[in-house]
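J.: There's a structure below that I have some questions on.
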4 protein chains.
Amino acid sequence: MATTAISGAAALAAGLVKPTGLVTALEPLAHAPLPRFGDLVFGGHELTETSLIKRAELLAGEHVLPPSLPEAVAESLRETDANIRPGVSMEVPSKSPMDTIHRIQEDLHSFRSDHALSRVVVVNVFSTEPPADPHPTHSDLSSLREALERGHTVLPVSSLYAYAAIDAGCSFVDFTPSTGARLPAMEDLARERGVPHAGRDGKTGETLVKSTLAPMFAARALLVRSWTGMNMLGGGDGAALTDPHRAKSKLESKGRGLEAMLGYDVESPVRIDYVRDLGEWKTAWDRISFEGFLGAQMRMHFIWEGCDSALAAPLVLDLARLGSYAHVCGQKGALAPLAFFFKDPIGTEEHRLDRQFTILCDWVSGLRR
Amino acid sequence: MATTAISGAAALAAGLVKPTGLVTALEPLAHAPLPRFGDLVFGGHELTETSLIKRAELLAGEHVLPPSLPEAVAESLRETDANIRPGVSMEVPSKSPMDTIHRIQEDLHSFRSDHALSRVVVVNVFSTEPPADPHPTHSDLSSLREALERGHTVLPVSSLYAYAAIDAGCSFVDFTPSTGARLPAMEDLARERGVPHAGRDGKTGETLVKSTLAPMFAARALLVRSWTGMNMLGGGDGAALTDPHRAKSKLESKGRGLEAMLGYDVESPVRIDYVRDLGEWKTAWDRISFEGFLGAQMRMHFIWEGCDSALAAPLVLDLARLGSYAHVCGQKGALAPLAFFFKDPIGTEEHRLDRQFTILCDWVSGLRR
Amino acid sequence: MATTAISGAAALAAGLVKPTGLVTALEPLAHAPLPRFGDLVFGGHELTETSLIKRAELLAGEHVLPPSLPEAVAESLRETDANIRPGVSMEVPSKSPMDTIHRIQEDLHSFRSDHALSRVVVVNVFSTEPPADPHPTHSDLSSLREALERGHTVLPVSSLYAYAAIDAGCSFVDFTPSTGARLPAMEDLARERGVPHAGRDGKTGETLVKSTLAPMFAARALLVRSWTGMNMLGGGDGAALTDPHRAKSKLESKGRGLEAMLGYDVESPVRIDYVRDLGEWKTAWDRISFEGFLGAQMRMHFIWEGCDSALAAPLVLDLARLGSYAHVCGQKGALAPLAFFFKDPIGTEEHRLDRQFTILCDWVSGLRR
Amino acid sequence: MATTAISGAAALAAGLVKPTGLVTALEPLAHAPLPRFGDLVFGGHELTETSLIKRAELLAGEHVLPPSLPEAVAESLRETDANIRPGVSMEVPSKSPMDTIHRIQEDLHSFRSDHALSRVVVVNVFSTEPPADPHPTHSDLSSLREALERGHTVLPVSSLYAYAAIDAGCSFVDFTPSTGARLPAMEDLARERGVPHAGRDGKTGETLVKSTLAPMFAARALLVRSWTGMNMLGGGDGAALTDPHRAKSKLESKGRGLEAMLGYDVESPVRIDYVRDLGEWKTAWDRISFEGFLGAQMRMHFIWEGCDSALAAPLVLDLARLGSYAHVCGQKGALAPLAFFFKDPIGTEEHRLDRQFTILCDWVSGLRR
């Protein structure tokens with residue numbers, strides 16, 4: 001997804017492609033003074049050593065990128081490769097938490113100064129973590145700081161990144177269902193440091209459709225009796241989710257919202273399965289059983305065959321642009337108006353896509369530097 | 001559909017069933033002083049002679065009505081049967097247009113006086129007519145009147161009904177794609193007589209879902225490349241639509257809206273097929289081909305298996321209640337805020353379901369007697 | 001399923017219904033001298049106390065039986081109720097294995113003598129057991145007998161039933177994925193006693209379609225790359241399969257066959273989910289990804305919405321009739337030619353439905369008393 | 001399709017690809033002494049002037065051919081281009097029928113002698129013609145000859161080609177639903193000339209699946225109540241079928257078989273729609289409504305998303321190889337054992353895919369030079 005986002009931003013900056021899939025290219029967002037694609041500089045943490053250009057070529061082979069794109073943006077990808085540093089693995093957080101936070105912050109500081117950047121937005125697109133064990137320090141910033149300084153591993157890696165970013169004055173976006181900044185103490189840190197954050201878990205497929213269709217059943221007073229969902233993923237994300245602990249985060253994130261949108265409890269099992277053959281693609285199948293006037297039993301099925309990168313990458317660019325602009329405009333703490341982008345939005349119970357879009361547009365229109 | 005609506009209203013008045021599928025049972029509409037179910041009196045024009053109780057039993061056999069319902073509301077159905085008069089067939093409009101209009105109006109007047117009704121709402125649920133041939137009198141009320149008085153057949157039967165109803169001070173709702181009141185001259189008549197009208201073509205299946213999903217693609221800047229729809233209908237409506245002239249009305253009505261919602265032209269063939277075996281049920285299948293970031297080609301399919309009566313009948317009751325209330329509140333002419341109910345709404349280009357729902361709620365909340 | 005089979009047999013005997021779904025009603029099987037429906041007498045073991053007539057009424061409410069059927073066959077159901085005895089629960093096999101076997105055999109003997117039956121066929125339609133732990137006695141009849149006599153619990157309940165039935169000279173059919181007679185020692189017992197047995201796991205939905213479609217891909221040299229299946233079940237069977245140990249038996253049974261039919265290994269995850277709302281119905285969804293000439297990547301999806309009882313019950317009757325006839329004709333041991341009915345057939349690797357049907361027809365045509 | 005077949009044969013001859021999709025690569029056909037791919041020489045009649053290499057590049061852009069294939073087989077495609085002559089358009093058969101036949105035959109003779117070929121197989125892959133008007137000469141070879149010599153246009157273009165080919169001693173295969181050799185007089189001609197012919201209409205998608213699934217419903221005694229099919233095609237074939245006269249041929253060809261396979265009449269509407277956006281791909285959607293034991297109503301849906309060329313091209317190669325071999329082995333007239341390949345097979349009422357495959361294998365195994 002990162003490779004697709006970076007390649008796409010380069011292609012957009014060069015005017016090679018249309019901004020399909022980019023929400024910030026739509027009115028009224030297109031009129032807001034967001035950073036331009038040519039002004040964005042990418043860097044990051046990565047666990048593997050495959051170069052961006054190599055990854056872009058693989059994606060072209062899977063029909064995710066146009067065949068000629070990797071070569072067209074090769075220079076840009078090589079420049080970005082120079083900004084990539086080794087990431088912190090969730091399996092082996094080898095150092096004390098504060099050491100890890102400091103190492104991340106050093107990389108953030110160098111990146112900012114090397115490129116003379118006005119602002120940095122950190123977007124978490126790592127693979128999904130298991131849900132974090134609750135801990136009392138999660139709701140008290142000073143206890144949290146103390147625990148970290150004493151070397152206690154009270155935070156998962158995603159939250160170490162969130163801490164490092166926010167503490168360094170960078171806005172933070174969680175595109176995954178991991179814990180990240182979704183802790184009361186982290187909200188306090190963000191308000192203290194005056195930076196905004198957003199999340200979590202990009203809404204790109206089944207949940208996107210769910211948050212579109214559920215309001216239809218509600219507005220027509222049709223009673224949803226069960227909503228069964230099956231998700232098949234290939235690629236790295238699918239493989240990561242064969243671990244039931246990690247899948248738990250995803251399933252929890254997917255499960256939210258239906259009750260909020262319908263106003264009542266619904267039997268709604270959701271499954272995720274890894275199908276290696278799908279590669280960069282994913283298929284979701286949902287069956288909705290509903291009741292109409294006088295108890296008539298009806299059904300709807302939908303099948304969604306999407307390309308994860310092509311759906312998620314433009315949203316990552318949207319969020320980087322919006323996160324930066326919100327920062328400029330003095331927003332701090334959780335950005336509830338960005339709920340439109342997320343399965344499990346922070347700071348709001350509004351899951352209906354259309355309402356989320358209205359809220360997003362109104363919010364961006366109302367922001368002032 | 002009429003049988004289901006009448007049986008359902010009786011069951012609701014008796015407290016036998018929940019108001020599933022009734023939009024006017026939802027907040028904030030449920031708080032508006034709409035006519036209560038027990039206050040509604042039904043009558044109508046009908047071409048066949050099957051009694052309502054017989055029809056209700058047939059519907060129970062197709063699982064449209066609960067098995068015990070026909071007997072539970074038998075008395076109410078028998079009372080309504082007494083209010084049913086022979087209808088005007090579109091095949092054989094045997095008399096001059098003004099004679100037909102007068103005959104309809106006599107029935108309306110008797111119905112109103114026999115039951116001491118405050119207001120009458122005429123809802124067209126006849127089978128679909130072919131599109132009317134355009135005629136200059138359609139846009140000029142006085143020419144239209146003159147032509148009708150001279151015995152010229154410038155109006156299809158649905159419009160004779162609309163004329164008769166509006167001219168007699170009854171509000172008119174077109175639940176079909178027929179011409180009905182959708183002519184400038186008819187709008188003038190409605191304004192002159194001080195009555196509201198609404199239409200057209202109840203949005204109960206494929207188009208309902210389309211008007212829900214298309215805004216999702218738009219809000220996510222995903223480019224819809226083709227949207228193919230196939231509708232299979234059993235029952236009388238399906239049989240009527242095997243006539244390509246009548247199907248034309250339906251297809252035109254279904255075709256509107258996609259461009260308006262997406263903002264660009266889309267290849268969007270729609271088909272209707274009669275499948276006798278489906279009986280009271282209908283199946284729609286849609287395939288949406290769309291393009292994401294950097295041109296990735298993706299697809300969505302949906303299958304809708306609905307019961308036409310169970311979807312449409314509560315909307316007929318909603319429209320009767322809302323039409324009456326709008327009349328009380330002094331509304332006249334086309335009721336654009338009722339677009340939520342229709343495939344091809346009069347007086348507005350807003351096809352997005354969610355926006356239509358907001359507009360409906362705001363409008364009802366703002367009405368005052 | 002048992003209720004549906006018994007009600008259906010009564011209705012068939014009385015000439016009230018057509019033999020839809022009965023394979024033995026098709027040529028050439030219809031010409032074999034199988035027991036007639038009016039000659040069948042039903043009895044059984046049951047864990048709950050709900051009467052057959054009550055169950056039949058519930059099934060009519062779910063549209064599984066015609067509304068008028070329960071009353072029409074009430075007498076027959078009452079007679080059968082008198083032949084039902086308490087079953088042996090797999091949760092609480094309270095006695096020593098031999099005591100259990102003897103208790104089952106007593107019931108079998110009484111049933112046979114009370115009704116002066118020529119032959120008895122025992123069909124296992126209990127809910128699914130977890131896979132049995134392997135044990136050395138499973139492949140040696142005399143060790144098995146010794147272990148049972150010493151009170152060792154080396155057999156699951158389904159196999160105690162199989163042992164009891166076969167040892168008592170009754171043919172045995174396993175319609176579930178449980179262990180039943182599928183052990184070498186049990187095959188020896190059947191041959192020793194001169195009785196036939198068949199199984200296992202009735203092929204009624206997803207696997208039925210799989211065993212039909214897979215040969216198509218093979219015969220056209222299309223390379224199946226992945227075949228993903230999702231099964232949603234309501235009812236008792238679905239609830240039982242929320243236990244992952246029991247589901248394991250089902251999944252293993254469903255998983256067999258694809259490689260045998262295609263001739264190569266395929267990524268083919270299968271899932272089972274319980275959706276209470278489905279009641280007596282089940283939905284299967286399969287997605288087949290396949291490769292054609294020059295590597296073109298293609299896809300097929302299918303959705304199967306079936307009523308478990310309506311699919312399985314006639315096969316239970318078919319198997320009772322065929323099991324009895326095979327017994328008369330002197331067949332003993334595993335009946336491989338009945339593979340047509342099973343997901344995981346004993347005694348053969350032929351999973352292709354069409355070939356299985358040919359084999360079945362040839363076998364029945366060739367049997368002689 | 002022709003481009004894909006020719007490119008594929010070159011790639012197979014060069015050992016660049018696996019024979020996926022080729023039925024003649026399966027046992028036992030793979031052991032028959034069929035012509036090898038390297039021994040095949042391609043030529044043909046074509047209405048447009050686009051070179052094969054250009055077409056191959058376009059197909060690679062639609063993911064029908066691997067990206068590198070056009071270049072890898074460029075030499076072979078250029079050699080074939082030299083063997084392509086202007087075709088006879090069905091719109092403008094400019095000359096007298098006999099002149100047309102002679103012109104076709106001259107090209108066939110030159111092709112045969114220029115390349116010193118042992119045998120020539122003519123395969124019709126032109127776009128679909130409307131059904132031919134019946135004519136008395138169609139069932140009498142001498143009257144037909146006389147009419148042709150007198151310049152009467154009693155044959156459609158596809159049949160002129162069939163006549164020319166057969167009369168010139170070339171075997172003829174009709175891969176389209178056009179009339180071709182499907183006339184009694186043509187059968188007489190083939191027997192007179194000692195050449196075999198086969199057809200018609202390659203079975204590559206919806207009908208392939210239908211001929212696989214229908215026998216399942218039959219073998220399980222499940223009563224099919226309706227079978228509705230919708231086909232969406234892009235590409236040239238789709239565009240041609242927007243002409244209802246041509247579509248008629250296709251629909252007739254698709255409609256055959258269901259009754260033959262099930263043994264009773266079924267409501268089975270089939271539709272074809274052109275969706276330009278689909279390009280070389282086609283989607284079929286079928287809904288099967290069926291009845292089980294005691295009248296339970298069930299449903300199955302399938303969606304087939306195939307690439308027409310990737311499915312059809314290998315069959316064209318199979319048919320060329322088998323047509324040649326049949327010719328060598330002295331077969332003449334209609335080749336009923338090739339029914340496996342066709343929607344509307346000549347000389348047989350066997351539509352069941354599995355039985356057709358058995359018949360094909362047995363026939364090939366039995367042929368002797």
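To be explicit about the labels: the chains of the structure tokens are called A, B, and onward in the order shown, and within each one the residues are counted from 1, while ligands get numbers from 1 in the order they are shown.
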Counting only C-alpha atoms, what is within 8 Å of C:Val224, bar same-chain residues fewer than 6 positions away, as a list in words?
T.: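 Residues near the query, excluding close chain neighbours: Phe217, Val266, Ile288, Ser289, Phe290 and Glu291 of chain C.
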J.: Can I get the selection written as a CSV table (one decimal), in the first residue's frame, with N, CA and C atoms?
T.:
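Listing of result-v7.csv after writing:
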chain,number,residue,atom,x,y,z
C,217,PHE,N,-14.1,-28.4,-14.8
C,217,PHE,CA,-12.8,-27.8,-14.9
C,217,PHE,C,-11.7,-28.8,-15.4
C,266,VAL,N,-4.9,-28.1,-4.5
C,266,VAL,CA,-5.5,-26.8,-4.7
C,266,VAL,C,-5.7,-26.2,-3.4
C,288,ILE,N,-14.4,-19.7,-7.1
C,288,ILE,CA,-13.4,-20.6,-7.8
C,288,ILE,C,-12.6,-19.7,-8.7
C,289,SER,N,-11.3,-19.7,-8.4
C,289,SER,CA,-10.4,-18.9,-9.3
C,289,SER,C,-9.7,-19.9,-10.2
C,290,PHE,N,-9.7,-19.6,-11.5
C,290,PHE,CA,-9.1,-20.6,-12.4
C,290,PHE,C,-8.4,-19.9,-13.5
C,291,GLU,N,-7.5,-20.7,-14.1
C,291,GLU,CA,-6.6,-20.2,-15.2
C,291,GLU,C,-6.9,-20.9,-16.5
J.: Determine, for each residue of chain B having at least one atom at most 7 Å from an atom of chain D, the closest pair of atoms and their separation in Å to one decimal, counting only C-alpha atoms; order by chain and ascending number, as CSV.
T.:
residue,atom,partner,partner_atom,distance
B:Arg225,CA,D:Asp277,CA,6.7
B:Ser226,CA,D:Asp277,CA,6.3
B:Asp277,CA,D:Ser226,CA,6.3
J.: Would you mind exporting the chosen residues as a compact mmCIF listing (two decimals), in the first residue's frame, restricted to N, CA and C atoms?
T.:
# COMPACT_ATOMS: atom_id res chain seq x y z
N ARG B 225 -17.32 2.58 -14.23
CA ARG B 225 -17.13 2.42 -15.67
C ARG B 225 -18.36 1.80 -16.33
N SER B 226 -19.02 0.90 -15.65
CA SER B 226 -20.30 0.39 -16.17
C SER B 226 -21.11 -0.13 -14.99
N ASP B 277 -42.34 -17.98 -12.60
CA ASP B 277 -42.07 -18.76 -11.40
C ASP B 277 -41.79 -17.90 -10.17
J.: Report the residues of stretch 47-127 of chain C whose backbone DSSP state falls under helix (DSSP H, G or I), written as a VMD selection string.
T.: chain C and resid 52 to 61 69 to 72 74 to 81 97 to 114
J.: Would you save the residues of that selection, restricted to C-alpha atoms, as a PDB file, in the first residue's frame?
T.:
ATOM      1  CA  LEU C  52     -42.873 -35.868  15.791  1.00  0.00           C
ATOM      2  CA  ILE C  53     -46.173 -34.096  15.230  1.00  0.00           C
ATOM      3  CA  LYS C  54     -44.938 -31.051  17.127  1.00  0.00           C
ATOM      4  CA  ARG C  55     -41.701 -31.073  15.125  1.00  0.00           C
ATOM      5  CA  ALA C  56     -43.627 -31.398  11.873  1.00  0.00           C
ATOM      6  CA  GLU C  57     -45.694 -28.359  12.788  1.00  0.00           C
ATOM      7  CA  LEU C  58     -42.558 -26.340  13.477  1.00  0.00           C
ATOM      8  CA  LEU C  59     -41.141 -27.376  10.102  1.00  0.00           C
ATOM      9  CA  ALA C  60     -44.347 -26.323   8.365  1.00  0.00           C
ATOM     10  CA  GLY C  61     -43.894 -22.904  10.000  1.00  0.00           C
ATOM     11  CA  LEU C  69     -48.963 -32.023   5.755  1.00  0.00           C
ATOM     12  CA  PRO C  70     -48.558 -32.414   9.542  1.00  0.00           C
ATOM     13  CA  GLU C  71     -52.259 -32.993   9.988  1.00  0.00           C
ATOM     14  CA  ALA C  72     -52.490 -35.255   6.958  1.00  0.00           C
ATOM     15  CA  ALA C  74     -50.573 -37.187  12.002  1.00  0.00           C
ATOM     16  CA  GLU C  75     -51.642 -40.760  12.586  1.00  0.00           C
ATOM     17  CA  SER C  76     -48.525 -42.130  11.019  1.00  0.00           C
ATOM     18  CA  LEU C  77     -46.349 -39.777  13.087  1.00  0.00           C
ATOM     19  CA  ARG C  78     -48.107 -40.859  16.273  1.00  0.00           C
ATOM     20  CA  GLU C  79     -47.497 -44.525  15.425  1.00  0.00           C
ATOM     21  CA  THR C  80     -43.821 -43.761  14.862  1.00  0.00           C
ATOM     22  CA  ASP C  81     -43.583 -41.820  18.123  1.00  0.00           C
ATOM     23  CA  PRO C  97     -19.561 -49.757  26.029  1.00  0.00           C
ATOM     24  CA  MET C  98     -20.893 -53.295  25.955  1.00  0.00           C
ATOM     25  CA  ASP C  99     -23.880 -52.337  28.095  1.00  0.00           C
ATOM     26  CA  THR C 100     -24.620 -49.541  25.670  1.00  0.00           C
ATOM     27  CA  ILE C 101     -24.308 -51.881  22.693  1.00  0.00           C
ATOM     28  CA  HIS C 102     -26.633 -54.368  24.358  1.00  0.00           C
ATOM     29  CA  ARG C 103     -29.190 -51.748  25.184  1.00  0.00           C
ATOM     30  CA  ILE C 104     -29.211 -50.570  21.543  1.00  0.00           C
ATOM     31  CA  GLN C 105     -29.505 -54.172  20.367  1.00  0.00           C
ATOM     32  CA  GLU C 106     -32.429 -54.855  22.658  1.00  0.00           C
ATOM     33  CA  ASP C 107     -34.278 -51.952  21.138  1.00  0.00           C
ATOM     34  CA  LEU C 108     -33.404 -53.197  17.648  1.00  0.00           C
ATOM     35  CA  HIS C 109     -34.626 -56.698  18.422  1.00  0.00           C
ATOM     36  CA  SER C 110     -37.896 -55.472  19.925  1.00  0.00           C
ATOM     37  CA  PHE C 111     -38.488 -53.157  16.994  1.00  0.00           C
ATOM     38  CA  ARG C 112     -37.889 -56.005  14.541  1.00  0.00           C
ATOM     39  CA  SER C 113     -40.091 -58.490  16.353  1.00  0.00           C
ATOM     40  CA  ASP C 114     -42.869 -56.073  17.345  1.00  0.00           C
TER      41      ASP C 114
END
J.: Can you list every residue in stretch 19-235 of chain B that DSSP puts in strand (DSSP E), as a VMD selection string?
T.: chain B and resid 44 to 46 84 to 86 121 to 124 171 to 174 196 to 198 223 to 233
J.: Could those selected residues go to a file with N, CA and C atoms, as a tab-separated table (two decimals), in the first residue's frame?
T.:
chain	number	residue	atom	x	y	z
B	44	GLY	N	-61.45	2.08	-4.00
B	44	GLY	CA	-60.60	2.09	-5.19
B	44	GLY	C	-61.30	1.66	-6.44
B	45	HIS	N	-60.58	1.73	-7.50
B	45	HIS	CA	-61.01	1.23	-8.81
B	45	HIS	C	-60.22	-0.03	-9.11
B	46	GLU	N	-60.85	-1.02	-9.68
B	46	GLU	CA	-60.18	-2.30	-9.91
B	46	GLU	C	-60.73	-2.89	-11.21
B	84	ILE	N	-65.15	-0.71	-3.59
B	84	ILE	CA	-64.38	-0.87	-4.83
B	84	ILE	C	-65.32	-0.83	-6.03
B	85	ARG	N	-64.91	-0.03	-7.02
B	85	ARG	CA	-65.72	0.18	-8.23
B	85	ARG	C	-64.92	-0.26	-9.45
B	86	PRO	N	-65.60	-0.52	-10.56
B	86	PRO	CA	-64.87	-0.93	-11.77
B	86	PRO	C	-63.92	0.17	-12.25
B	121	VAL	N	-56.91	10.82	-0.74
B	121	VAL	CA	-55.65	10.74	-1.50
B	121	VAL	C	-55.81	9.62	-2.53
B	122	VAL	N	-55.60	9.94	-3.78
B	122	VAL	CA	-55.69	8.93	-4.84
B	122	VAL	C	-54.26	8.45	-5.16
B	123	VAL	N	-54.04	7.14	-5.02
B	123	VAL	CA	-52.71	6.58	-5.32
B	123	VAL	C	-52.83	5.67	-6.53
B	124	ASN	N	-52.06	5.95	-7.56
B	124	ASN	CA	-52.07	5.09	-8.75
B	124	ASN	C	-51.15	3.89	-8.54
B	171	SER	N	-55.64	14.84	-3.27
B	171	SER	CA	-54.23	14.79	-3.63
B	171	SER	C	-53.97	13.49	-4.39
B	172	PHE	N	-52.92	13.51	-5.20
B	172	PHE	CA	-52.66	12.40	-6.13
B	172	PHE	C	-51.22	11.94	-5.99
B	173	VAL	N	-51.05	10.62	-5.93
B	173	VAL	CA	-49.70	10.05	-5.83
B	173	VAL	C	-49.53	9.03	-6.93
B	174	ASP	N	-48.47	9.13	-7.71
B	174	ASP	CA	-48.23	8.13	-8.75
B	174	ASP	C	-47.14	7.18	-8.30
B	196	PRO	N	-51.79	18.97	-3.39
B	196	PRO	CA	-50.45	18.49	-3.67
B	196	PRO	C	-50.49	17.19	-4.47
B	197	HIS	N	-49.41	16.89	-5.17
B	197	HIS	CA	-49.27	15.58	-5.82
B	197	HIS	C	-47.81	15.14	-5.74
B	198	ALA	N	-47.62	13.81	-5.90
B	198	ALA	CA	-46.26	13.28	-5.74
B	198	ALA	C	-46.06	12.09	-6.67
B	223	LEU	N	-14.21	5.71	-9.93
B	223	LEU	CA	-14.82	5.97	-11.24
B	223	LEU	C	-15.65	4.77	-11.69
B	224	VAL	N	-16.95	4.92	-11.73
B	224	VAL	CA	-17.81	3.82	-12.20
B	224	VAL	C	-17.71	3.74	-13.72
B	225	ARG	N	-17.32	2.58	-14.23
B	225	ARG	CA	-17.13	2.42	-15.67
B	225	ARG	C	-18.36	1.80	-16.33
B	226	SER	N	-19.02	0.90	-15.65
B	226	SER	CA	-20.30	0.39	-16.17
B	226	SER	C	-21.11	-0.13	-14.99
B	227	TRP	N	-22.40	-0.07	-15.14
B	227	TRP	CA	-23.32	-0.50	-14.08
B	227	TRP	C	-24.45	-1.22	-14.80
B	228	THR	N	-24.40	-2.54	-14.78
B	228	THR	CA	-25.36	-3.34	-15.52
B	228	THR	C	-26.38	-3.92	-14.57
B	229	GLY	N	-27.63	-3.80	-14.92
B	229	GLY	CA	-28.68	-4.28	-14.03
B	229	GLY	C	-29.64	-5.20	-14.74
B	230	MET	N	-30.05	-6.22	-14.06
B	230	MET	CA	-31.00	-7.18	-14.59
B	230	MET	C	-32.07	-7.37	-13.53
B	231	ASN	N	-33.31	-7.22	-13.94
B	231	ASN	CA	-34.43	-7.35	-13.01
B	231	ASN	C	-35.33	-8.48	-13.46
B	232	MET	N	-35.64	-9.37	-12.57
B	232	MET	CA	-36.58	-10.44	-12.89
B	232	MET	C	-37.80	-10.29	-11.99
B	233	LEU	N	-38.93	-10.23	-12.62
B	233	LEU	CA	-40.19	-10.04	-11.90
B	233	LEU	C	-41.16	-11.14	-12.26
J.: Show me, as a PyMOL selection string, the residues that have an atom within 8 Å of B:Pro177 when counting only C-alpha atoms, minus same-chain residues fewer than 2 positions from it.
T.: chain B and resi 128-129+174-175+179+200-201+249-250+253+344
J.: Might you pull out every residue within 10 Å of A:Val64, with only C-alpha atoms counted and same-chain residues fewer than 6 positions away left off, and present them as a VMD selection string?
T.: (chain A and resid 4 56 to 58 280 to 281 307 to 310) or (chain B and resid 292 to 297)
J.: Of the candidates B:Ala9, B:Leu353, B:Leu40, B:Ala326, which shows the shortest atom-to-atom distance to A:Leu213, using only C-alpha atoms?
T.: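 Nearest candidate to A:Leu213 out of B:Ala9, B:Leu353, B:Leu40, B:Ala326: B:Leu353.
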J.: Please provide the set of residues having any atom within 10 Å of D:Thr204, restricted to only C-alpha atoms, with same-chain residues fewer than 5 positions apart removed, written as a PyMOL selection string.
T.: (chain C and resi 220) or (chain D and resi 209+306-313+315+341-343)
J.: Give the answer as one residue: which of D:Ile346, D:Phe42, D:Pro66, D:Gln331 has the shortest atom-to-atom distance to D:Val17, using only C-alpha atoms?
T.: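 Ranking D:Ile346, D:Phe42, D:Pro66, D:Gln331 by distance to D:Val17, first place goes to D:Pro66.
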J.: Can you tell me, as a PyMOL selection string, what residues are no more than 9 Å from B:Leu322 when counting only C-alpha atoms, ignoring any on the same chain fewer than 3 positions away?
T.: chain B and resi 24+34-35+317-319+325-327+338+364
J.: Can you pull out every residue within 7 Å of B:Asp237, counting only C-alpha atoms, but drop anything in the same chain fewer than 3 positions away, and send it as a list of chain:residue names?
T.: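 Here the qualifying residues turn out to be B:Ser127, B:Ala240, B:Leu241.
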